[in-house]
file input_3.txt (compact mmCIF, C-alpha atoms)
# COMPACT_ATOMS: atom_id res chain seq x y z
CA MET A 1 -2.20 -20.18 25.65
CA ALA A 2 -1.47 -16.45 25.43
CA SER A 3 -2.22 -16.44 21.71
CA SER A 4 -5.51 -18.23 22.30
CA GLN A 5 -6.49 -15.61 24.88
CA LEU A 6 -5.56 -12.80 22.49
CA ILE A 7 -7.67 -14.37 19.74
CA GLN A 8 -10.64 -14.61 22.06
CA ARG A 9 -10.21 -11.01 23.26
CA ILE A 10 -10.10 -9.72 19.70
CA GLU A 11 -13.18 -11.75 18.80
CA ALA A 12 -15.05 -10.46 21.85
CA SER A 13 -14.01 -6.84 21.15
CA THR A 14 -15.19 -6.87 17.54
CA PRO A 15 -18.53 -5.07 16.99
CA ALA A 16 -21.23 -7.37 15.68
CA GLY A 17 -21.76 -5.28 12.55
CA ARG A 18 -18.07 -5.05 11.63
CA ASP A 19 -17.49 -5.77 7.93
CA ARG A 20 -14.55 -8.11 8.23
CA GLY A 21 -14.30 -8.47 4.47
CA VAL A 22 -13.32 -4.79 4.17
CA ASP A 23 -10.55 -5.25 6.74
CA ALA A 24 -9.30 -8.31 4.90
CA LEU A 25 -9.12 -6.36 1.63
CA ARG A 26 -7.11 -3.61 3.33
CA ALA A 27 -4.72 -6.16 4.83
CA LEU A 28 -4.27 -7.91 1.47
CA ALA A 29 -3.59 -4.57 -0.23
CA ILE A 30 -0.87 -3.60 2.25
CA LEU A 31 0.77 -7.03 2.20
CA GLY A 32 0.61 -7.06 -1.61
CA VAL A 33 2.52 -3.79 -1.79
CA VAL A 34 5.13 -5.02 0.69
CA LEU A 35 5.76 -8.31 -1.11
CA GLY A 36 5.76 -6.54 -4.46
CA HIS A 37 8.46 -4.12 -3.35
CA TRP A 38 10.55 -6.91 -1.88
CA LEU A 39 10.34 -8.86 -5.13
CA VAL A 40 11.09 -6.06 -7.60
CA THR A 41 13.54 -3.95 -5.57
CA ALA A 42 17.19 -4.93 -5.90
CA VAL A 43 20.03 -3.18 -4.08
CA VAL A 44 23.08 -3.93 -6.21
CA VAL A 45 26.47 -3.61 -4.54
CA GLY A 46 29.64 -3.41 -6.61
CA ASP A 47 32.79 -1.36 -7.20
CA GLY A 48 32.19 0.58 -4.00
CA THR A 49 28.78 1.82 -5.10
CA VAL A 50 25.17 0.96 -4.36
CA ARG A 51 22.38 1.29 -6.89
CA ALA A 52 18.75 0.29 -7.13
CA ALA A 53 17.60 -2.01 -9.91
CA SER A 54 14.55 -4.03 -10.89
CA PRO A 55 14.32 -7.58 -12.28
CA LEU A 56 11.52 -6.36 -14.54
CA LYS A 57 14.07 -4.42 -16.57
CA HIS A 58 16.08 -7.55 -17.35
CA LEU A 59 13.25 -10.10 -17.24
CA PRO A 60 10.16 -8.45 -18.77
CA GLU A 61 8.45 -11.83 -18.85
CA LEU A 62 8.01 -11.39 -15.09
CA SER A 63 5.63 -8.47 -15.65
CA PRO A 64 2.61 -10.58 -14.57
CA VAL A 65 4.09 -10.49 -11.06
CA SER A 66 3.23 -6.79 -10.96
CA TRP A 67 -0.39 -7.61 -11.81
CA VAL A 68 -0.67 -9.56 -8.57
CA PHE A 69 1.21 -7.30 -6.18
CA GLN A 70 0.34 -3.81 -7.43
CA THR A 71 -2.68 -3.52 -5.16
CA MET A 72 -2.90 0.22 -4.52
CA ALA A 73 -6.29 0.49 -6.25
CA VAL A 74 -7.77 -1.86 -3.65
CA PHE A 75 -6.34 0.28 -0.86
CA PHE A 76 -7.94 3.42 -2.32
CA LEU A 77 -11.21 1.54 -2.88
CA VAL A 78 -11.31 0.56 0.79
CA GLY A 79 -10.15 4.04 1.79
CA GLY A 80 -13.03 5.62 -0.11
CA GLN A 81 -15.53 3.22 1.42
CA VAL A 82 -14.28 3.72 4.97
CA GLY A 83 -13.81 7.48 4.52
CA ALA A 84 -17.30 8.14 3.14
CA LYS A 85 -18.94 5.87 5.69
CA GLY A 86 -16.90 7.34 8.54
CA TYR A 87 -17.63 10.93 7.57
CA THR A 88 -21.36 10.23 7.32
CA SER A 89 -21.27 8.58 10.73
CA ALA A 90 -19.27 11.48 12.21
CA ARG A 91 -21.80 14.01 10.95
CA ALA A 92 -24.64 11.98 12.43
CA ARG A 93 -22.87 12.09 15.80
CA GLY A 94 -22.37 15.85 15.58
CA ILE A 95 -18.62 15.68 14.98
CA THR A 96 -17.29 18.59 12.94
CA TYR A 97 -15.39 18.14 9.70
CA GLY A 98 -12.24 19.57 11.27
CA ARG A 99 -12.29 17.17 14.18
CA TRP A 100 -13.02 14.18 11.94
CA LEU A 101 -10.24 15.10 9.52
CA GLY A 102 -7.78 15.84 12.31
CA GLY A 103 -8.28 12.40 13.79
CA ARG A 104 -7.75 10.66 10.48
CA MET A 105 -4.66 12.72 9.64
CA ALA A 106 -3.16 11.98 13.04
CA ARG A 107 -3.62 8.23 12.55
CA LEU A 108 -2.18 8.49 9.07
CA PHE A 109 0.89 10.64 9.70
CA ARG A 110 1.87 10.02 13.32
CA PRO A 111 3.89 6.88 12.38
CA VAL A 112 5.58 8.78 9.52
CA VAL A 113 7.39 11.07 11.94
CA ALA A 114 9.27 8.15 13.49
CA VAL A 115 10.52 6.95 10.09
CA LEU A 116 11.65 10.43 9.05
CA VAL A 117 13.52 11.00 12.32
CA VAL A 118 15.25 7.62 12.23
CA TRP A 119 16.34 8.01 8.62
CA ALA A 120 17.51 11.59 9.14
CA VAL A 121 19.81 10.27 11.87
CA VAL A 122 20.89 7.27 9.77
CA ALA A 123 21.61 9.40 6.71
CA GLY A 124 23.61 11.87 8.79
CA ALA A 125 25.61 9.07 10.41
CA LEU A 126 26.36 7.43 7.06
CA LEU A 127 27.56 10.67 5.54
CA ALA A 128 29.67 11.46 8.61
CA SER A 129 31.31 8.02 8.38
CA GLY A 130 32.35 8.64 4.79
CA VAL A 131 29.65 6.81 2.85
CA ALA A 132 29.20 8.31 -0.62
CA LEU A 133 26.36 10.76 -1.06
CA ASP A 134 25.00 8.79 -4.03
CA THR A 135 24.77 5.65 -1.90
CA VAL A 136 22.94 7.47 0.89
CA ARG A 137 20.60 9.02 -1.67
CA VAL A 138 19.74 5.57 -3.08
CA LEU A 139 18.96 4.15 0.37
CA VAL A 140 16.89 7.12 1.49
CA LYS A 141 14.95 7.13 -1.78
CA LEU A 142 14.09 3.46 -1.36
CA VAL A 143 12.59 4.25 2.03
CA LEU A 144 10.82 7.48 1.18
CA SER A 145 9.59 6.91 -2.38
CA PRO A 146 6.74 4.54 -1.40
CA MET A 147 5.32 7.28 0.84
CA TRP A 148 4.07 9.31 -2.12
CA PHE A 149 0.71 7.62 -1.85
CA LEU A 150 0.19 8.92 1.69
CA LEU A 151 0.05 12.49 0.41
CA VAL A 152 -2.46 11.52 -2.28
CA PHE A 153 -4.51 9.52 0.18
CA ALA A 154 -4.50 12.43 2.64
CA ALA A 155 -5.65 14.83 -0.09
CA LEU A 156 -8.50 12.55 -1.14
CA THR A 157 -9.48 12.03 2.49
CA ALA A 158 -9.65 15.79 2.99
CA LEU A 159 -11.83 16.05 -0.11
CA THR A 160 -14.20 13.29 1.00
CA PRO A 161 -17.20 15.63 1.55
CA LEU A 162 -16.77 16.92 -2.02
CA VAL A 163 -15.95 13.69 -3.85
CA ALA A 164 -18.16 11.28 -1.92
CA ARG A 165 -20.88 11.59 -4.58
CA LEU A 166 -18.61 12.18 -7.57
CA HIS A 167 -19.18 9.57 -10.26
CA PRO A 168 -15.96 7.60 -10.99
CA LEU A 169 -16.41 8.23 -14.72
CA TRP A 170 -15.42 11.88 -14.29
CA PRO A 171 -11.88 11.29 -12.97
CA LEU A 172 -11.56 8.36 -15.40
CA ALA A 173 -12.37 10.76 -18.25
CA ALA A 174 -9.69 13.15 -16.94
CA VAL A 175 -7.10 10.35 -17.06
CA LEU A 176 -8.19 9.38 -20.57
CA LEU A 177 -7.97 12.98 -21.80
CA GLY A 178 -4.59 13.52 -20.15
CA ASP A 179 -3.06 10.40 -21.72
CA LEU A 180 -4.58 11.25 -25.10
CA ILE A 181 -2.95 14.69 -25.04
CA ARG A 182 0.38 13.40 -23.72
CA TYR A 183 0.82 10.32 -25.87
CA GLY A 184 -1.49 10.88 -28.81
CA LEU A 185 -0.94 14.59 -29.44
CA GLY A 186 2.57 15.04 -28.08
CA GLY A 187 1.46 17.26 -25.21
CA PRO A 188 3.63 18.26 -22.25
CA ALA A 189 4.78 15.50 -19.90
CA TRP A 190 3.84 17.50 -16.80
CA LEU A 191 0.18 17.05 -17.73
CA GLY A 192 0.49 13.49 -16.54
CA TRP A 193 0.71 14.64 -12.94
CA VAL A 194 -3.00 15.39 -13.07
CA ASN A 195 -3.33 11.61 -13.07
CA VAL A 196 -1.73 11.38 -9.64
CA VAL A 197 -4.97 12.69 -8.18
CA ALA A 198 -7.45 11.76 -10.92
CA GLY A 199 -6.10 8.21 -11.30
CA TRP A 200 -6.48 7.30 -7.63
CA LEU A 201 -9.70 9.27 -7.36
CA VAL A 202 -11.34 6.62 -9.57
CA PRO A 203 -11.12 3.76 -7.03
CA TYR A 204 -11.68 6.20 -4.15
CA CYS A 205 -14.97 7.32 -5.71
CA LEU A 206 -15.88 3.68 -6.29
CA GLY A 207 -15.32 3.11 -2.58
CA ALA A 208 -17.62 6.02 -1.73
CA ALA A 209 -20.26 4.56 -4.05
CA TRP A 210 -19.80 1.23 -2.29
CA ALA A 211 -20.44 2.96 1.05
CA ARG A 212 -23.72 4.35 -0.37
CA GLY A 213 -24.81 0.89 -1.45
CA ASP A 214 -24.53 1.66 -5.16
CA LEU A 215 -22.25 -1.33 -5.88
CA SER A 216 -24.47 -4.03 -4.44
CA GLY A 217 -24.80 -7.28 -6.34
CA ARG A 218 -22.17 -9.40 -8.04
CA GLY A 219 -22.95 -7.97 -11.46
CA MET A 220 -21.03 -4.75 -10.81
CA GLY A 221 -18.05 -6.71 -9.55
CA TRP A 222 -17.94 -8.84 -12.68
CA ALA A 223 -18.42 -5.80 -14.92
CA LEU A 224 -15.48 -3.98 -13.32
CA LEU A 225 -13.29 -7.07 -13.34
CA LEU A 226 -13.91 -8.10 -16.94
CA GLY A 227 -14.25 -4.60 -18.41
CA GLY A 228 -11.20 -3.24 -16.62
CA ALA A 229 -9.04 -6.25 -17.45
CA ALA A 230 -10.07 -6.27 -21.12
CA THR A 231 -9.42 -2.53 -21.51
CA ALA A 232 -6.05 -2.71 -19.75
CA ALA A 233 -5.02 -5.68 -21.93
CA GLY A 234 -6.07 -3.82 -25.06
CA LEU A 235 -4.06 -0.75 -24.08
CA VAL A 236 -0.98 -2.91 -23.48
CA LEU A 237 -1.36 -4.93 -26.68
CA TRP A 238 -2.36 -2.20 -29.11
CA ALA A 239 -1.72 1.22 -27.59
CA GLY A 240 1.89 0.81 -26.53
CA TYR A 241 1.44 0.89 -22.76
CA PRO A 242 3.97 -1.17 -20.74
CA ALA A 243 2.91 -4.57 -19.48
CA ALA A 244 4.37 -3.94 -16.02
CA MET A 245 1.95 -2.16 -13.70
CA VAL A 246 4.80 -0.72 -11.66
CA GLY A 247 7.64 1.62 -12.56
CA VAL A 248 10.68 0.04 -14.22
CA PRO A 249 14.00 1.96 -14.05
CA GLY A 250 15.03 3.24 -17.46
CA ALA A 251 11.68 2.53 -19.14
CA PRO A 252 10.48 5.37 -21.41
CA VAL A 253 6.88 5.05 -20.14
CA SER A 254 5.70 4.16 -16.66
CA ASN A 255 2.26 2.91 -15.75
CA LEU A 256 2.61 4.17 -12.20
CA ASP A 257 4.74 7.31 -12.23
CA PRO A 258 2.26 8.92 -12.81
CA PRO A 259 -0.68 6.50 -13.08
CA SER A 260 -1.55 5.80 -16.70
CA LEU A 261 -4.89 4.93 -18.24
CA ALA A 262 -3.77 1.29 -18.40
CA ALA A 263 -2.97 1.26 -14.67
CA VAL A 264 -6.29 2.89 -13.81
CA CYS A 265 -8.22 0.36 -15.92
CA PHE A 266 -6.26 -2.45 -14.32
CA GLY A 267 -7.16 -0.92 -10.96
CA LEU A 268 -10.83 -1.10 -11.93
CA ALA A 269 -10.37 -4.82 -12.57
CA GLN A 270 -8.80 -5.20 -9.14
CA CYS A 271 -11.70 -3.30 -7.58
CA GLY A 272 -14.11 -5.67 -9.28
CA ALA A 273 -12.19 -8.66 -7.93
CA ALA A 274 -12.23 -7.09 -4.46
CA LEU A 275 -16.01 -6.67 -4.55
CA LEU A 276 -16.41 -10.30 -5.59
CA LEU A 277 -14.04 -11.52 -2.87
CA ARG A 278 -15.66 -9.61 -0.03
CA GLY A 279 -18.36 -12.21 0.58
CA PRO A 280 -16.00 -15.23 0.66
CA LEU A 281 -13.60 -13.28 2.88
CA ARG A 282 -16.40 -12.45 5.30
CA ARG A 283 -17.25 -16.13 5.60
CA ALA A 284 -13.61 -17.16 6.05
CA LEU A 285 -13.13 -14.58 8.80
CA ARG A 286 -15.88 -16.03 10.94
CA ARG A 287 -13.06 -18.17 12.31
CA PRO A 288 -11.60 -16.27 15.28
CA ALA A 289 -7.98 -17.14 14.50
CA ALA A 290 -8.21 -15.91 10.91
CA TRP A 291 -9.96 -12.73 12.02
CA ALA A 292 -7.36 -12.07 14.72
CA ALA A 293 -4.58 -12.20 12.11
CA VAL A 294 -6.40 -9.74 9.85
CA ALA A 295 -7.25 -7.43 12.76
CA LEU A 296 -3.62 -7.32 13.92
CA VAL A 297 -2.38 -6.54 10.41
CA ASN A 298 -4.90 -3.70 10.21
CA LEU A 299 -3.80 -2.39 13.57
CA SER A 300 -0.20 -2.20 12.30
CA ALA A 301 -0.89 -1.47 8.63
CA MET A 302 0.97 1.84 8.58
CA THR A 303 3.91 0.46 10.54
CA ILE A 304 4.21 -2.48 8.15
CA PHE A 305 4.04 -0.21 5.13
CA LEU A 306 6.42 2.47 6.42
CA TRP A 307 9.15 0.12 7.65
CA HIS A 308 9.17 -2.67 5.06
CA GLN A 309 11.88 -1.05 2.94
CA THR A 310 13.94 -0.36 6.05
CA ALA A 311 13.74 -4.08 6.79
CA LEU A 312 15.00 -4.88 3.28
CA ILE A 313 17.88 -2.41 3.59
CA THR A 314 18.81 -3.67 7.06
CA VAL A 315 19.12 -7.25 5.83
CA THR A 316 21.08 -6.08 2.79
CA VAL A 317 23.58 -4.12 4.89
CA ALA A 318 23.89 -6.93 7.44
CA GLY A 319 24.65 -9.31 4.60
CA LEU A 320 27.69 -7.23 3.67
CA PHE A 321 29.40 -8.54 6.80
CA VAL A 322 29.24 -11.98 5.20
CA SER A 323 29.85 -11.11 1.56
CA ASP A 324 29.22 -8.25 -0.82
CA ALA A 325 27.88 -10.62 -3.46
CA LEU A 326 25.15 -12.67 -1.81
CA PRO A 327 22.81 -13.92 -4.59
CA GLY A 328 19.40 -12.28 -4.52
CA LEU A 329 20.60 -9.67 -2.06
CA HIS A 330 23.57 -7.77 -3.53
CA THR A 331 23.75 -9.07 -7.09
CA ALA A 332 22.17 -7.70 -10.27
CA PRO A 333 18.63 -9.03 -10.90
CA ASP A 334 19.37 -10.16 -14.44
CA ASP A 335 18.45 -13.86 -14.42
CA PHE A 336 16.00 -16.31 -12.88
CA GLY A 337 18.66 -17.44 -10.43
CA TRP A 338 18.33 -14.04 -8.76
CA VAL A 339 14.55 -14.50 -8.55
CA LEU A 340 14.88 -17.88 -6.84
CA ALA A 341 17.46 -16.50 -4.44
CA ARG A 342 15.27 -13.49 -3.64
CA LEU A 343 12.37 -15.79 -2.76
CA GLY A 344 14.65 -17.37 -0.19
CA TRP A 345 15.35 -13.97 1.35
CA LEU A 346 11.69 -13.05 1.83
CA PRO A 347 11.37 -14.81 5.22
CA VAL A 348 14.50 -12.98 6.41
CA PHE A 349 12.98 -9.66 5.35
CA GLY A 350 9.86 -10.69 7.25
CA VAL A 351 11.82 -11.30 10.45
CA ALA A 352 13.56 -7.93 10.08
CA LEU A 353 10.19 -6.25 9.57
CA LEU A 354 8.89 -7.97 12.69
CA VAL A 355 11.76 -6.40 14.65
CA CYS A 356 10.97 -2.98 13.16
CA TRP A 357 7.32 -3.48 14.07
CA ALA A 358 8.18 -4.35 17.67
CA VAL A 359 10.19 -1.13 18.01
CA ALA A 360 7.94 1.28 16.07
CA ARG A 361 4.39 -0.01 16.59
CA THR A 362 3.66 2.30 19.53
CA TYR A 363 3.80 5.30 17.19
CA GLU A 364 0.77 3.88 15.38
CA GLN A 365 -1.06 2.19 18.23
CA GLY A 366 -0.24 4.54 21.10
CA PRO A 367 1.49 3.52 24.34
CA PRO A 368 0.82 -0.05 25.47
CA ALA A 369 -1.47 -0.65 28.39
CA VAL A 370 1.35 -1.57 30.73
CA ARG A 371 2.70 1.97 30.42
CA ARG A 372 -0.69 3.39 31.30
CA GLY A 373 -0.93 1.00 34.22
CA ARG A 374 -4.56 0.07 33.58
CA PHE A 375 -5.78 -3.34 32.47
CA PRO A 376 -8.97 -1.82 30.96
CA GLY A 377 -6.63 0.09 28.66
CA ARG A 378 -5.42 -3.26 27.43
CA ARG A 379 -8.99 -4.12 26.59
CA ARG A 380 -9.36 -0.93 24.57
CA HIS A 381 -6.04 -1.61 22.90
CA VAL A 382 -7.27 -5.03 21.77
CA GLY A 383 -10.52 -3.44 20.64
CA ALA A 384 -8.52 -1.06 18.45
CA ALA A 385 -7.17 -4.07 16.62
CA ALA A 386 -10.69 -5.05 15.75
CA ARG A 387 -11.61 -1.54 14.66
CA GLY A 388 -8.58 -1.07 12.42
CA PRO A 389 -6.45 2.02 11.75
CA THR A 390 -8.75 3.82 9.33
CA SER A 391 -12.13 3.23 10.83
CA GLY A 392 -14.68 5.97 11.40
call {"tool": "encode", "arguments": {"input": "input_3.txt", "output": "structure tokens"}}
result
Amino acid sequence: MASSQLIQRIEASTPAGRDRGVDALRALAILGVVLGHWLVTAVVVGDGTVRAASPLKHLPELSPVSWVFQTMAVFFLVGGQVGAKGYTSARARGITYGRWLGGRMARLFRPVVAVLVVWAVVAGALLASGVALDTVRVLVKLVLSPMWFLLVFAALTALTPLVARLHPLWPLAAVLLGDLIRYGLGGPAWLGWVNVVAGWLVPYCLGAAWARGDLSGRGMGWALLLGGAATAAGLVLWAGYPAAMVGVPGAPVSNLDPPSLAAVCFGLAQCGAALLLRGPLRRALRRPAAWAAVALVNLSAMTIFLWHQTALITVTVAGLFVSDALPGLHTAPDDFGWVLARLGWLPVFGVALLVCWAVARTYEQGPPAVRRGRFPGRRRHVGAAARGPTSG
């Protein structure tokens, strides 16, 4: 009964012109990243040490998994669309750039503080109890390393007034030139870090073009999907780029650290697929229950992203009280048995993440209505779920 009432409140609080397809794409992008990390991140325990490993290093035939779950391009596409549209709307309402940017940065980074504080305490406690520094470093890196994209996203958000009308071909050309110098002419490796901004600027600029109405029609979606996929496949088959679209420990070349031309072209294909899926997603989300699920994921998108690796680590450490060699949890990811076992652990990670969400969600959503003592605040809180964390 309570869930039915919540669904109806979310439906009633949703503005009539809300593009539910955009929210669905954002939710899918966040959940894709979470599941991808849970599938390719192994915490191997043995001989008193802890190390991180990836099944993609031992089982390269699983590389297609990364094509499904490496969804950051979709997140930047949606971010560009929402950012450009929100900034235009803010200007029309007389809101200054500083106030608009401050609001978006607060929503983006307020939940980060909680994670940093918790893990500073955890790291200190582990070191004080005698845990090896290398082990603590591995655990902290697993938690903090996914946050790199927040800095890039914040930078692109701040640049929205400048890049909102930038054609995506310009940053794409910068990526192409950088890779040509690095790989084709033996240039310095540090040049690749230009791609950290230029690579993600490509889908962000596409999102801004989407906000302007320049990507209307299914033809552009198909062009991006087919052209991006064909180019990425060609780069993998004939130019020596890795097949995995995520970083693989020990690999001489990474498609993601920093983003390579192959990863950017693959991202274009994902953006094309996203544009094609928006219409069907809109129609599917006319059902109140489906829309409520998407709205709630959007409301907690940052919490889900920031705490998903903590959930994985919590389950891994808890498992040590049972055994230090639980398949798919503590063992090396070097065979398909590990993959099957890891699939069985995914629901457990999900439960742990749900606990983390229950504890940390207020840092993203603000204090619950019961603490404010006003039922109308509850109504606004539900309305926030419909609006999403990066609206306006």
call {"tool": "residues_around", "arguments": {"input": "input_3.txt", "residues": "Pro288 of chain A", "least_positions_apart": "2", "cutoff": "12 Å", "atoms": "all atoms listed in the file", "output": "ChimeraX atom specification"}}
result
/A:3-14,20,282-286,290-295,386
call {"tool": "residues_around", "arguments": {"input": "input_3.txt", "residues": "Leu101 of chain A", "least_positions_apart": "5", "cutoff": "9 Å", "atoms": "all atoms listed in the file", "output": "PyMOL selection string"}}
result
chain A and resi 87+96+106+157-158
call {"tool": "closest_atom_pairs", "arguments": {"input": "input_3.txt", "of": "segment 31-74 of chain A", "to": "segment 273-277 of chain A", "cutoff": "12 Å", "atoms": "all atoms listed in the file", "output": "CSV"}}
result
residue,atom,partner,partner_atom,distance
A:Val68,CA,A:Ala273,CA,11.6
A:Thr71,CA,A:Ala274,CA,10.2
A:Met72,CA,A:Ala274,CA,11.9
A:Ala73,CA,A:Ala274,CA,9.8
A:Val74,CA,A:Ala274,CA,6.9
call {"tool": "residues_around", "arguments": {"input": "input_3.txt", "residues": "Gly103 of chain A", "least_positions_apart": "4", "cutoff": "12 Å", "atoms": "only C-alpha atoms", "output": "mmCIF file with C-alpha atoms, in the coordinates of the input"}}
result
data_model
loop_
_atom_site.group_PDB
_atom_site.id
_atom_site.type_symbol
_atom_site.label_atom_id
_atom_site.label_comp_id
_atom_site.auth_asym_id
_atom_site.auth_seq_id
_atom_site.Cartn_x
_atom_site.Cartn_y
_atom_site.Cartn_z
ATOM 1 C CA GLY A 83 -13.810 7.480 4.520
ATOM 2 C CA GLY A 86 -16.900 7.340 8.540
ATOM 3 C CA TYR A 87 -17.630 10.930 7.570
ATOM 4 C CA ALA A 90 -19.270 11.480 12.210
ATOM 5 C CA ILE A 95 -18.620 15.680 14.980
ATOM 6 C CA THR A 96 -17.290 18.590 12.940
ATOM 7 C CA TYR A 97 -15.390 18.140 9.700
ATOM 8 C CA GLY A 98 -12.240 19.570 11.270
ATOM 9 C CA ARG A 99 -12.290 17.170 14.180
ATOM 10 C CA ARG A 107 -3.620 8.230 12.550
ATOM 11 C CA LEU A 108 -2.180 8.490 9.070
ATOM 12 C CA PHE A 109 0.890 10.640 9.700
ATOM 13 C CA ARG A 110 1.870 10.020 13.320
ATOM 14 C CA ALA A 154 -4.500 12.430 2.640
ATOM 15 C CA THR A 157 -9.480 12.030 2.490
ATOM 16 C CA ALA A 158 -9.650 15.790 2.990
ATOM 17 C CA PRO A 389 -6.450 2.020 11.750
ATOM 18 C CA THR A 390 -8.750 3.820 9.330
ATOM 19 C CA SER A 391 -12.130 3.230 10.830
ATOM 20 C CA GLY A 392 -14.680 5.970 11.400
#
call {"tool": "residues_around", "arguments": {"input": "input_3.txt", "residues": "Val82 of chain A", "least_positions_apart": "2", "cutoff": "10 Å", "atoms": "all atoms listed in the file", "output": "list in words"}}
result
Val22, Asp23, Phe76, Leu77, Val78, Gly79, Gly80, Ala84, Lys85, Gly86, Tyr87, Thr88, Thr157, Tyr204, Gly207, Ala208, Trp210, Ala211, Thr390, Ser391 and Gly392 of chain A
call {"tool": "closest_residue", "arguments": {"input": "input_3.txt", "among": "A:Leu261, A:Met147, A:Val43, A:Ala114", "to": "Pro171 of chain A", "atoms": "only C-alpha atoms"}}
result
A:Leu261
call {"tool": "atom_distance", "arguments": {"input": "input_3.txt", "atom1": "atom CA of Pro161 of chain A", "atom2": "atom CA of Val113 of chain A"}}
result
27.1 Å
call {"tool": "atom_distance", "arguments": {"input": "input_3.txt", "atom1": "atom CA of Gly186 of chain A", "atom2": "atom CA of Lys57 of chain A"}}
result
25.4 Å
call {"tool": "atom_distance", "arguments": {"input": "input_3.txt", "atom1": "atom CA of Pro249 of chain A", "atom2": "atom CA of Pro333 of chain A"}}
result
12.3 Å
call {"tool": "residues_around", "arguments": {"input": "input_3.txt", "residues": "Gly247 of chain A", "least_positions_apart": "3", "cutoff": "8 Å", "atoms": "all atoms listed in the file", "output": "ChimeraX atom specification"}}
result
/A:244,251,254-257
